[in-house]
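What follows is the content of final_32.pdb (PDB, C-alpha atoms and all ligand atoms).
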ATOM      1  CA  MET A 119     -11.326  13.204 -10.158
ATOM      2  CA  LEU A 120      -8.928  12.471  -7.343
ATOM      3  CA  LEU A 121      -5.466  12.917  -8.818
ATOM      4  CA  GLN A 122      -4.853  15.057 -11.864
ATOM      5  CA  ILE A 123      -1.515  15.239 -13.636
ATOM      6  CA  ALA A 124      -1.661  18.008 -16.216
ATOM      7  CA  ASN A 125       1.019  18.872 -18.776
ATOM      8  CA  LEU A 126       3.863  17.965 -16.492
ATOM      9  CA  CYS A 127       7.278  19.019 -17.782
ATOM     10  CA  LYS A 128      10.541  18.531 -15.949
ATOM     11  CA  SER A 129      14.088  19.355 -16.941
ATOM     12  CA  PHE A 130      17.257  19.086 -14.908
ATOM     13  CA  GLY A 131      20.311  21.288 -15.452
ATOM     14  CA  TYR A 132      20.794  24.359 -17.614
ATOM     15  CA  GLY A 133      22.182  25.320 -20.992
ATOM     16  CA  ALA A 134      24.111  22.579 -22.743
ATOM     17  CA  GLN A 135      23.685  20.354 -19.667
ATOM     18  CA  ARG A 136      19.899  20.626 -19.775
ATOM     19  CA  ASN A 137      18.191  17.253 -19.648
ATOM     20  CA  GLU A 138      14.521  17.213 -20.580
ATOM     21  CA  VAL A 139      13.146  14.331 -18.530
ATOM     22  CA  LEU A 140       9.376  14.798 -18.845
ATOM     23  CA  ARG A 141       7.407  16.397 -21.649
ATOM     24  CA  ASN A 142       3.705  17.114 -21.279
ATOM     25  CA  VAL A 143       2.762  14.139 -19.143
ATOM     26  CA  SER A 144      -0.969  14.179 -18.431
ATOM     27  CA  PHE A 145      -3.271  11.584 -16.916
ATOM     28  CA  ASP A 146      -5.988  11.293 -14.297
ATOM     29  CA  VAL A 147      -6.658   8.869 -11.493
ATOM     30  CA  HIS A 148     -10.224   8.626 -10.276
ATOM     31  CA  ALA A 149     -11.102   7.621  -6.728
ATOM     32  CA  GLY A 150     -11.018   3.839  -6.364
ATOM     33  CA  GLU A 151      -9.161   3.357  -9.627
ATOM     34  CA  PHE A 152      -5.999   1.282 -10.142
ATOM     35  CA  VAL A 153      -3.728   2.976 -12.685
ATOM     36  CA  ALA A 154      -0.300   1.869 -13.893
ATOM     37  CA  LEU A 155       2.506   3.788 -15.529
ATOM     38  CA  VAL A 156       4.818   1.513 -17.528
ATOM     39  CA  GLY A 157       8.069   2.353 -19.251
ATOM     40  CA  SER A 158      11.656   1.330 -19.691
ATOM     41  CA  SER A 159      14.452   2.454 -17.406
ATOM     42  CA  GLY A 160      15.062   6.186 -17.635
ATOM     43  CA  SER A 161      11.652   7.052 -19.100
ATOM     44  CA  GLY A 162      10.935   9.296 -16.133
ATOM     45  CA  LYS A 163       8.563   7.142 -14.093
ATOM     46  CA  SER A 164      10.178   7.825 -10.737
ATOM     47  CA  THR A 165      10.360  11.508 -11.611
ATOM     48  CA  VAL A 166       6.573  11.508 -12.077
ATOM     49  CA  MET A 167       6.242   9.743  -8.740
ATOM     50  CA  ARG A 168       8.504  12.259  -6.973
ATOM     51  CA  LEU A 169       6.479  15.149  -8.388
ATOM     52  CA  ILE A 170       3.232  13.560  -7.169
ATOM     53  CA  ALA A 171       4.847  12.905  -3.803
ATOM     54  CA  GLY A 172       5.824  16.572  -3.629
ATOM     55  CA  LEU A 173       9.506  15.688  -3.192
ATOM     56  CA  ASP A 174      10.378  17.837  -6.212
ATOM     57  CA  SER A 175       8.534  20.472  -8.222
ATOM     58  CA  PRO A 176       7.758  20.464 -11.948
ATOM     59  CA  SER A 177       9.360  22.848 -14.450
ATOM     60  CA  SER A 178       5.813  23.468 -15.643
ATOM     61  CA  GLY A 179       2.443  21.795 -15.331
ATOM     62  CA  VAL A 180       0.448  20.876 -12.256
ATOM     63  CA  VAL A 181      -0.255  17.895 -10.043
ATOM     64  CA  SER A 182      -3.447  18.279  -8.065
ATOM     65  CA  LEU A 183      -5.078  16.091  -5.477
ATOM     66  CA  ASP A 184      -8.787  16.654  -4.816
ATOM     67  CA  GLY A 185      -8.578  19.823  -6.867
ATOM     68  CA  ARG A 186      -5.709  21.354  -4.869
ATOM     69  CA  PRO A 187      -2.229  21.741  -6.355
ATOM     70  CA  ILE A 188       0.433  19.732  -4.566
ATOM     71  CA  THR A 189       3.143  21.906  -3.049
ATOM     72  CA  GLY A 190       5.018  19.422  -0.852
ATOM     73  CA  PRO A 191       4.932  16.031   0.804
ATOM     74  CA  GLY A 192       1.857  15.044   2.805
ATOM     75  CA  SER A 193       0.210  12.088   4.477
ATOM     76  CA  ASP A 194      -2.591  12.208   1.881
ATOM     77  CA  ARG A 195      -0.195  10.248  -0.357
ATOM     78  CA  GLY A 196       1.171   6.889   0.812
ATOM     79  CA  MET A 197       4.445   5.763  -0.728
ATOM     80  CA  VAL A 198       5.963   2.344  -1.289
ATOM     81  CA  PHE A 199       9.367   2.044  -2.965
ATOM     82  CA  GLN A 200      11.385  -0.766  -4.528
ATOM     83  CA  LYS A 201      14.082  -0.794  -1.899
ATOM     84  CA  TYR A 202      12.751  -1.870   1.417
ATOM     85  CA  SER A 203      12.265   1.393   3.163
ATOM     86  CA  LEU A 204      11.468   0.064   6.621
ATOM     87  CA  TYR A 205      13.382   1.354   9.623
ATOM     88  CA  PRO A 206      15.658  -1.591  10.422
ATOM     89  CA  TRP A 207      15.718  -0.914  14.162
ATOM     90  CA  LEU A 208      11.918  -0.906  14.507
ATOM     91  CA  THR A 209       9.700  -3.988  14.601
ATOM     92  CA  ALA A 210       7.043  -4.553  11.934
ATOM     93  CA  ALA A 211       4.400  -3.096  14.259
ATOM     94  CA  GLN A 212       6.554  -0.080  15.140
ATOM     95  CA  ASN A 213       7.171   0.548  11.450
ATOM     96  CA  VAL A 214       3.431   0.496  10.752
ATOM     97  CA  ALA A 215       2.793   2.795  13.712
ATOM     98  CA  PHE A 216       5.475   5.275  12.673
ATOM     99  CA  GLY A 217       3.479   7.366  10.184
ATOM    100  CA  MET A 218       0.492   7.477  12.507
ATOM    101  CA  GLU A 219       2.667   8.775  15.329
ATOM    102  CA  LEU A 220       3.630  11.712  13.132
ATOM    103  CA  GLN A 221      -0.101  12.311  12.687
ATOM    104  CA  ARG A 222      -0.482  12.609  16.465
ATOM    105  CA  ARG A 223      -3.163   9.990  16.784
ATOM    106  CA  SER A 224      -3.946   8.609  20.234
ATOM    107  CA  ARG A 225      -1.947   5.641  21.631
ATOM    108  CA  GLN A 226      -5.004   3.425  21.555
ATOM    109  CA  GLU A 227      -5.967   4.327  18.017
ATOM    110  CA  ILE A 228      -2.404   3.669  16.848
ATOM    111  CA  ARG A 229      -2.373   0.287  18.586
ATOM    112  CA  GLU A 230      -5.715  -0.748  17.084
ATOM    113  CA  ARG A 231      -4.932   0.457  13.594
ATOM    114  CA  THR A 232      -1.484  -1.168  13.638
ATOM    115  CA  ALA A 233      -3.032  -4.527  14.530
ATOM    116  CA  TYR A 234      -5.724  -4.048  11.910
ATOM    117  CA  PHE A 235      -3.355  -3.202   9.033
ATOM    118  CA  LEU A 236      -0.906  -5.970   9.905
ATOM    119  CA  GLU A 237      -3.903  -8.279   9.737
ATOM    120  CA  VAL A 238      -4.938  -6.807   6.363
ATOM    121  CA  VAL A 239      -1.535  -7.679   4.888
ATOM    122  CA  GLY A 240      -1.526 -11.101   6.556
ATOM    123  CA  LEU A 241       1.273 -10.377   9.033
ATOM    124  CA  ALA A 242      -0.461 -10.335  12.397
ATOM    125  CA  ASP A 243       1.990 -12.975  13.644
ATOM    126  CA  ALA A 244       5.041 -10.975  12.584
ATOM    127  CA  ALA A 245       4.216  -7.832  14.585
ATOM    128  CA  ARG A 246       7.229  -8.087  16.894
ATOM    129  CA  ARG A 247       9.771  -9.110  14.300
ATOM    130  CA  LEU A 248      12.493  -6.834  12.959
ATOM    131  CA  PRO A 249      12.732  -6.244   9.198
ATOM    132  CA  ARG A 250      15.847  -8.440   8.905
ATOM    133  CA  GLU A 251      13.822 -11.318  10.334
ATOM    134  CA  LEU A 252      11.270 -10.983   7.496
ATOM    135  CA  SER A 253      11.468 -12.098   3.858
ATOM    136  CA  GLY A 254      11.529  -9.467   1.098
ATOM    137  CA  GLY A 255       7.854 -10.043   0.297
ATOM    138  CA  MET A 256       6.901  -9.719   3.959
ATOM    139  CA  GLN A 257       8.902  -6.500   4.258
ATOM    140  CA  GLN A 258       7.037  -5.037   1.286
ATOM    141  CA  ARG A 259       3.737  -6.023   2.878
ATOM    142  CA  VAL A 260       4.789  -4.168   6.033
ATOM    143  CA  ALA A 261       5.663  -1.148   3.860
ATOM    144  CA  ILE A 262       2.199  -1.330   2.261
ATOM    145  CA  ALA A 263       0.549  -1.635   5.694
ATOM    146  CA  ARG A 264       2.534   1.372   6.910
ATOM    147  CA  ALA A 265       1.448   3.423   3.896
ATOM    148  CA  LEU A 266      -2.218   2.407   4.251
ATOM    149  CA  ALA A 267      -2.355   2.988   7.999
ATOM    150  CA  ALA A 268      -1.885   6.731   7.553
ATOM    151  CA  GLU A 269      -5.124   6.744   5.494
ATOM    152  CA  PRO A 270      -3.742   8.241   2.301
ATOM    153  CA  LYS A 271      -6.105   9.301  -0.465
ATOM    154  CA  VAL A 272      -3.865   7.518  -2.931
ATOM    155  CA  LEU A 273      -1.260   4.785  -2.639
ATOM    156  CA  LEU A 274       1.811   5.380  -4.842
ATOM    157  CA  LEU A 275       3.907   2.309  -5.577
ATOM    158  CA  ASP A 276       7.244   2.671  -7.417
ATOM    159  CA  GLU A 277       8.490  -0.761  -8.568
ATOM    160  CA  PRO A 278       7.315  -2.254  -5.273
ATOM    161  CA  PHE A 279       8.090  -5.837  -6.280
ATOM    162  CA  GLY A 280      11.187  -5.158  -8.371
ATOM    163  CA  ALA A 281      13.575  -6.681  -5.859
ATOM    164  CA  LEU A 282      11.574  -9.881  -5.326
ATOM    165  CA  ASP A 283      12.084 -13.181  -7.066
ATOM    166  CA  ILE A 284       9.523 -14.257  -9.635
ATOM    167  CA  GLN A 285       7.363 -16.561  -7.463
ATOM    168  CA  ILE A 286       7.122 -14.058  -4.645
ATOM    169  CA  ARG A 287       6.466 -11.285  -7.130
ATOM    170  CA  GLU A 288       3.526 -13.204  -8.593
ATOM    171  CA  SER A 289       1.996 -13.841  -5.206
ATOM    172  CA  MET A 290       2.525 -10.185  -4.234
ATOM    173  CA  GLN A 291       0.747  -9.111  -7.426
ATOM    174  CA  GLU A 292      -2.259 -11.220  -6.463
ATOM    175  CA  PHE A 293      -2.056  -9.887  -2.936
ATOM    176  CA  LEU A 294      -2.046  -6.267  -4.119
ATOM    177  CA  TYR A 295      -4.929  -6.847  -6.503
ATOM    178  CA  HIS A 296      -7.093  -8.456  -3.819
ATOM    179  CA  LEU A 297      -6.159  -5.754  -1.342
ATOM    180  CA  TRP A 298      -7.312  -3.145  -3.849
ATOM    181  CA  GLN A 299     -10.569  -5.033  -4.445
ATOM    182  CA  ARG A 300     -11.231  -5.485  -0.751
ATOM    183  CA  THR A 301     -10.409  -1.986   0.449
ATOM    184  CA  GLY A 302     -11.417   0.190  -2.502
ATOM    185  CA  LEU A 303      -8.143   2.072  -2.283
ATOM    186  CA  THR A 304      -6.874   4.281  -5.092
ATOM    187  CA  ALA A 305      -3.551   3.096  -6.448
ATOM    188  CA  LEU A 306      -0.923   4.325  -8.876
ATOM    189  CA  LEU A 307       1.606   1.620  -9.723
ATOM    190  CA  ILE A 308       4.867   2.443 -11.446
ATOM    191  CA  THR A 309       6.615  -0.484 -13.078
ATOM    192  CA  HIS A 310       8.756  -1.505 -16.030
ATOM    193  CA  ASP A 311       6.913  -4.844 -16.037
ATOM    194  CA  LEU A 312       4.174  -4.722 -18.656
ATOM    195  CA  GLU A 313       2.654  -8.002 -17.472
ATOM    196  CA  GLU A 314       2.364  -6.653 -13.938
ATOM    197  CA  ALA A 315       0.657  -3.474 -15.166
ATOM    198  CA  LEU A 316      -1.855  -5.378 -17.297
ATOM    199  CA  LEU A 317      -2.656  -7.872 -14.553
ATOM    200  CA  LEU A 318      -3.435  -5.217 -11.993
ATOM    201  CA  ALA A 319      -4.499  -1.921 -13.503
ATOM    202  CA  GLY A 320      -7.724  -0.850 -15.157
ATOM    203  CA  GLN A 321      -5.899   1.926 -16.936
ATOM    204  CA  VAL A 322      -2.330   1.591 -18.249
ATOM    205  CA  HIS A 323      -0.193   4.439 -19.581
ATOM    206  CA  ILE A 324       2.943   3.604 -21.524
ATOM    207  CA  MET A 325       5.907   5.941 -21.313
ATOM    208  CA  ALA A 326       8.781   6.332 -23.750
ATOM    209  CA  PRO A 327      12.148   7.900 -22.878
ATOM    210  CA  SER A 328      14.092  10.956 -24.084
ATOM    211  CA  PRO A 329      12.066  12.917 -23.247
ATOM    212  CA  GLY A 330       9.765  10.915 -20.979
ATOM    213  CA  ARG A 331       6.238  11.108 -22.330
ATOM    214  CA  ILE A 332       3.075   9.021 -22.523
ATOM    215  CA  VAL A 333       2.791   7.387 -25.922
ATOM    216  CA  ARG A 334      -0.177   5.133 -25.410
ATOM    217  CA  SER A 335      -3.002   4.763 -22.900
ATOM    218  CA  VAL A 336      -5.191   1.680 -22.725
ATOM    219  CA  ALA A 337      -8.191   0.718 -20.654
ATOM    220  CA  VAL A 338      -7.684  -2.909 -19.605
ATOM    221  CA  ASP A 339     -10.877  -4.832 -19.164
ATOM    222  CA  LEU A 340      -9.949  -8.427 -18.358
ATOM    223  CA  ASP A 341     -11.544 -11.055 -16.171
ATOM    224  CA  ARG A 342      -9.263 -11.055 -13.125
ATOM    225  CA  SER A 343     -11.190 -13.584 -11.034
ATOM    226  CA  ALA A 344      -8.392 -16.150 -11.490
ATOM    227  CA  MET A 345      -5.060 -14.456 -11.961
ATOM    228  CA  ALA A 346      -3.025 -17.600 -12.615
ATOM    229  CA  GLN A 347      -5.311 -18.437 -15.572
ATOM    230  CA  LEU A 348      -5.381 -14.821 -16.699
ATOM    231  CA  ARG A 349      -1.593 -14.801 -17.129
ATOM    232  CA  LEU A 350      -1.959 -17.556 -19.725
ATOM    233  CA  SER A 351      -5.220 -16.485 -21.372
ATOM    234  CA  ARG A 352      -5.398 -15.491 -25.044
ATOM    235  CA  PRO A 353      -6.832 -11.958 -24.590
ATOM    236  CA  PHE A 354      -4.163 -11.201 -21.992
ATOM    237  CA  LEU A 355      -1.269 -12.568 -24.049
ATOM    238  CA  ASP A 356      -2.488 -10.791 -27.201
ATOM    239  CA  LEU A 357      -2.729  -7.449 -25.427
ATOM    240  CA  ARG A 358       0.655  -7.946 -23.770
ATOM    241  CA  GLU A 359       2.272  -8.782 -27.116
ATOM    242  CA  GLU A 360       0.706  -5.811 -28.856
ATOM    243  CA  LEU A 361       1.911  -3.398 -26.193
ATOM    244  CA  ALA A 362       5.332  -5.076 -25.922
ATOM    245  CA  GLN A 363       5.787  -4.399 -29.626
ATOM    246  CA  CYS A 364       4.820  -0.803 -29.050
ATOM    247  CA  LEU A 365       7.452  -0.583 -26.267
ATOM    248  CA  ARG A 366      10.121  -2.308 -28.387
ATOM    249  CA  GLY A 367       9.495   0.153 -31.205
ATOM    250  CA  LEU A 368      10.380   2.940 -28.810
ATOM    251  CA  GLU A 369      13.737   1.601 -27.669
ATOM    252  CA  PRO A 370      16.806   3.169 -29.225
ATOM    253  CA  ALA A 371      18.566   0.559 -31.396
ATOM    254  CA  LEU A 372      21.650  -0.970 -29.738
ATOM    255  CA  PRO A 373      24.873  -0.711 -31.707
ATOM    256  CA  THR A 374      25.666  -4.038 -33.422
TER     257      THR A 374
HETATM  258  N1  LIG B   1      17.797  14.857  -9.659
HETATM  259  C1  LIG B   1      18.118  14.618 -10.932
HETATM  260  N2  LIG B   1      19.066  15.341 -11.571
HETATM  261  C2  LIG B   1      19.383  15.109 -12.860
HETATM  262  N3  LIG B   1      18.799  14.166 -13.609
HETATM  263  C3  LIG B   1      17.854  13.407 -13.055
HETATM  264  C4  LIG B   1      17.464  13.585 -11.682
HETATM  265  N4  LIG B   1      16.494  12.679 -11.403
HETATM  266  C5  LIG B   1      16.311  11.970 -12.529
HETATM  267  N5  LIG B   1      17.118  12.403 -13.522
HETATM  268  C6  LIG B   1      17.157  11.863 -14.895
HETATM  269  O1  LIG B   1      15.858  11.683 -15.341
HETATM  270  C7  LIG B   1      15.741  10.547 -16.184
HETATM  271  C8  LIG B   1      14.573   9.706 -15.739
HETATM  272  O2  LIG B   1      14.865   9.160 -14.455
HETATM  273  P1  LIG B   1      13.771   8.352 -13.620
HETATM  274  O3  LIG B   1      14.436   7.892 -12.391
HETATM  275  O4  LIG B   1      12.537   9.159 -13.481
HETATM  276  O5  LIG B   1      13.475   7.130 -14.600
HETATM  277  P2  LIG B   1      12.676   5.780 -14.330
HETATM  278  O6  LIG B   1      11.707   5.624 -15.457
HETATM  279  O7  LIG B   1      12.133   5.752 -12.961
HETATM  280  O8  LIG B   1      13.813   4.679 -14.504
HETATM  281  P3  LIG B   1      13.999   3.254 -13.719
HETATM  282  O9  LIG B   1      13.063   2.288 -14.386
HETATM  283  O10 LIG B   1      15.415   2.911 -13.998
HETATM  284  O11 LIG B   1      13.712   3.464 -12.283
HETATM  285  C9  LIG B   1      17.096   9.857 -16.144
HETATM  286  O12 LIG B   1      17.770  10.182 -17.334
HETATM  287  C10 LIG B   1      17.781  10.471 -14.950
HETATM  288  O13 LIG B   1      19.158  10.542 -15.163
HETATM  289 MG    MG B   2      12.452   4.550 -11.282
END
Write-out of the structure in C-alpha cells:
Amino acid sequence: MLLQIANLCKSFGYGAQRNEVLRNVSFDVHAGEFVALVGSSGSGKSTVMRLIAGLDSPSSGVVSLDGRPITGPGSDRGMVFQKYSLYPWLTAAQNVAFGMELQRRSRQEIRERTAYFLEVVGLADAARRLPRELSGGMQQRVAIARALAAEPKVLLLDEPFGALDIQIRESMQEFLYHLWQRTGLTALLITHDLEEALLLAGQVHIMAPSPGRIVRSVAVDLDRSAMAQLRLSRPFLDLREELAQCLRGLEPALPT
C-alpha cells in the first residue's frame, strides 16, 4: 500500500476552545489508485490534506507513505490547490520548472521534462505565457504539470476545479481522468462535489462534519469510457442520489 492514513485525529485549541476537527480518519491509497474524499464545507477535508502534505501534524494517528511515517513536506507528494498557486511573475514553463530546480536536477533534464509535462497537459504552446495570460483551466493544468514534473509518488488535489465555471470544470474532470489513465499516477482528490468524486475515483470516502469523520466508503465501478454519457446514465445517477441522501442526512438542520 502506498499511502496509509490510520486513526487520524486532529484538534485545534485547548480547554473550552478545543475544536475536534478529525476523529479516527482511516483509509488507504494503493499505488495507481484514484481515491476521492468528499464532504461538505468544514468536514475537515483540507485538514486531512495538510496532514498528508506534512504541513501540520496530527494530534494522534499516523500518515505513512511507502511504509514510512510522514514528518514534514516533501517532493514525494505533489500538491494542487483550488486557488491558482502559480507564481505570477514566472511563465508557465518557469512555473513547471520551479519544483525541479529545488530538486537540483540538471539544466537539460529540467528543460526536457518541462517541455514534456507541458505537452502532457496540452499546453506546449503556452510555455512562455504568464499566468495572467492563461484561463483558469489552463492555470490549473500548469499547476498539475508542475506537481507531476517533480515525480511525486502521489498527487494530492484539494478542490482543484472549485474556482472554474461548470463547462471548464467538466472538461477538466475528463482531462484529469484521462491523465490518470494514461500515466498510471496515484491520485487523492478532495472535493465537495459528489458527482466529480464518482466520475473520477475508484474509491470514494464520504466525510461528515463535527467532528470530521468518514461515514461511508464505496468502491465505484462504472464504465468511464464515455464520460458525457456516464453523467446521465442510470447506474451513475442512482449511486449519486443514494450518496447525496446520505450526505443530506448528515447536515445539521437549518433554523426555519
Ligand atoms: N489552523 C486551524 N486552527 C483552528 N481551526 C482550524 C484550523 N484549520 C482548520 N480548522 C477548523 O477545522 C474545520 C475543518 O476545516 P477544513 O478546512 O479542513 O474543512 P474542509 O472540509 O476543507 O472545508 P471546505 O470544503 O470549506 O474547504 C473547520 O471548522 C475549521 O475552522
Ligand atoms: Mg477545504
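With all atoms listed in the file taken into account, the protein and nucleic acid residues at most 10 Å from His148 in chain A (excluding it and anything under 3 positions from it in its own chain) are Met119, Leu120, Leu121, Gln122, Glu151, Phe152, Val153, Asp184, Val272, Thr304 and Ala305 of chain A.
If you measure from each of A:Leu306, A:Met256, A:Leu340, A:Val333 to Asp243 in chain A using all atoms listed in the file, the closest one turns out to be A:Met256.
Remark: for ligand MG 2 (chain B), the closest of the candidate residues A:Ile308, A:Val260, A:Leu183, A:Leu282 is A:Ile308 (distances computed over only C-alpha atoms and all ligand atoms).
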Non-local contacts of Phe145 in chain A (9 Å; all atoms listed in the file; under 5 positions in same chain excluded) as a PyMOL selection string | chain A and resi 121-125+323+332
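Within the file as shown, the PyMOL selection byres (((chain A and resi 130) around 12) and not hetatm) identifies Cys127, Lys128, Ser129, Gly131, Tyr132, Gly133, Ala134, Gln135, Arg136, Asn137, Glu138, Val139, Leu140, Gly162, Thr165, Asp174, Ser175, Pro176, Ser177 and Pro329 of chain A.
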Can those selected residues be exported to a file as a PDB file, keeping the file's coordinate frame so that it contains C-alpha atoms?
ATOM      1  CA  CYS A 127       7.278  19.019 -17.782  1.00  0.00           C
ATOM      2  CA  LYS A 128      10.541  18.531 -15.949  1.00  0.00           C
ATOM      3  CA  SER A 129      14.088  19.355 -16.941  1.00  0.00           C
ATOM      4  CA  GLY A 131      20.311  21.288 -15.452  1.00  0.00           C
ATOM      5  CA  TYR A 132      20.794  24.359 -17.614  1.00  0.00           C
ATOM      6  CA  GLY A 133      22.182  25.320 -20.992  1.00  0.00           C
ATOM      7  CA  ALA A 134      24.111  22.579 -22.743  1.00  0.00           C
ATOM      8  CA  GLN A 135      23.685  20.354 -19.667  1.00  0.00           C
ATOM      9  CA  ARG A 136      19.899  20.626 -19.775  1.00  0.00           C
ATOM     10  CA  ASN A 137      18.191  17.253 -19.648  1.00  0.00           C
ATOM     11  CA  GLU A 138      14.521  17.213 -20.580  1.00  0.00           C
ATOM     12  CA  VAL A 139      13.146  14.331 -18.530  1.00  0.00           C
ATOM     13  CA  LEU A 140       9.376  14.798 -18.845  1.00  0.00           C
ATOM     14  CA  GLY A 162      10.935   9.296 -16.133  1.00  0.00           C
ATOM     15  CA  THR A 165      10.360  11.508 -11.611  1.00  0.00           C
ATOM     16  CA  ASP A 174      10.378  17.837  -6.212  1.00  0.00           C
ATOM     17  CA  SER A 175       8.534  20.472  -8.222  1.00  0.00           C
ATOM     18  CA  PRO A 176       7.758  20.464 -11.948  1.00  0.00           C
ATOM     19  CA  SER A 177       9.360  22.848 -14.450  1.00  0.00           C
ATOM     20  CA  PRO A 329      12.066  12.917 -23.247  1.00  0.00           C
TER      21      PRO A 329
END
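Atom O2 of ligand LIG 1 (chain B) is positioned 19.4 Å from CA of Ser203 in chain A.
Within the file as shown, the PyMOL selection byres (((chain A and resi 247) around 10) and not hetatm) identifies A:Leu208, A:Thr209, A:Ala210, A:Ala211, A:Gln212, A:Asp243, A:Ala244, A:Ala245, A:Arg246, A:Leu248, A:Pro249, A:Arg250, A:Glu251, A:Leu252.
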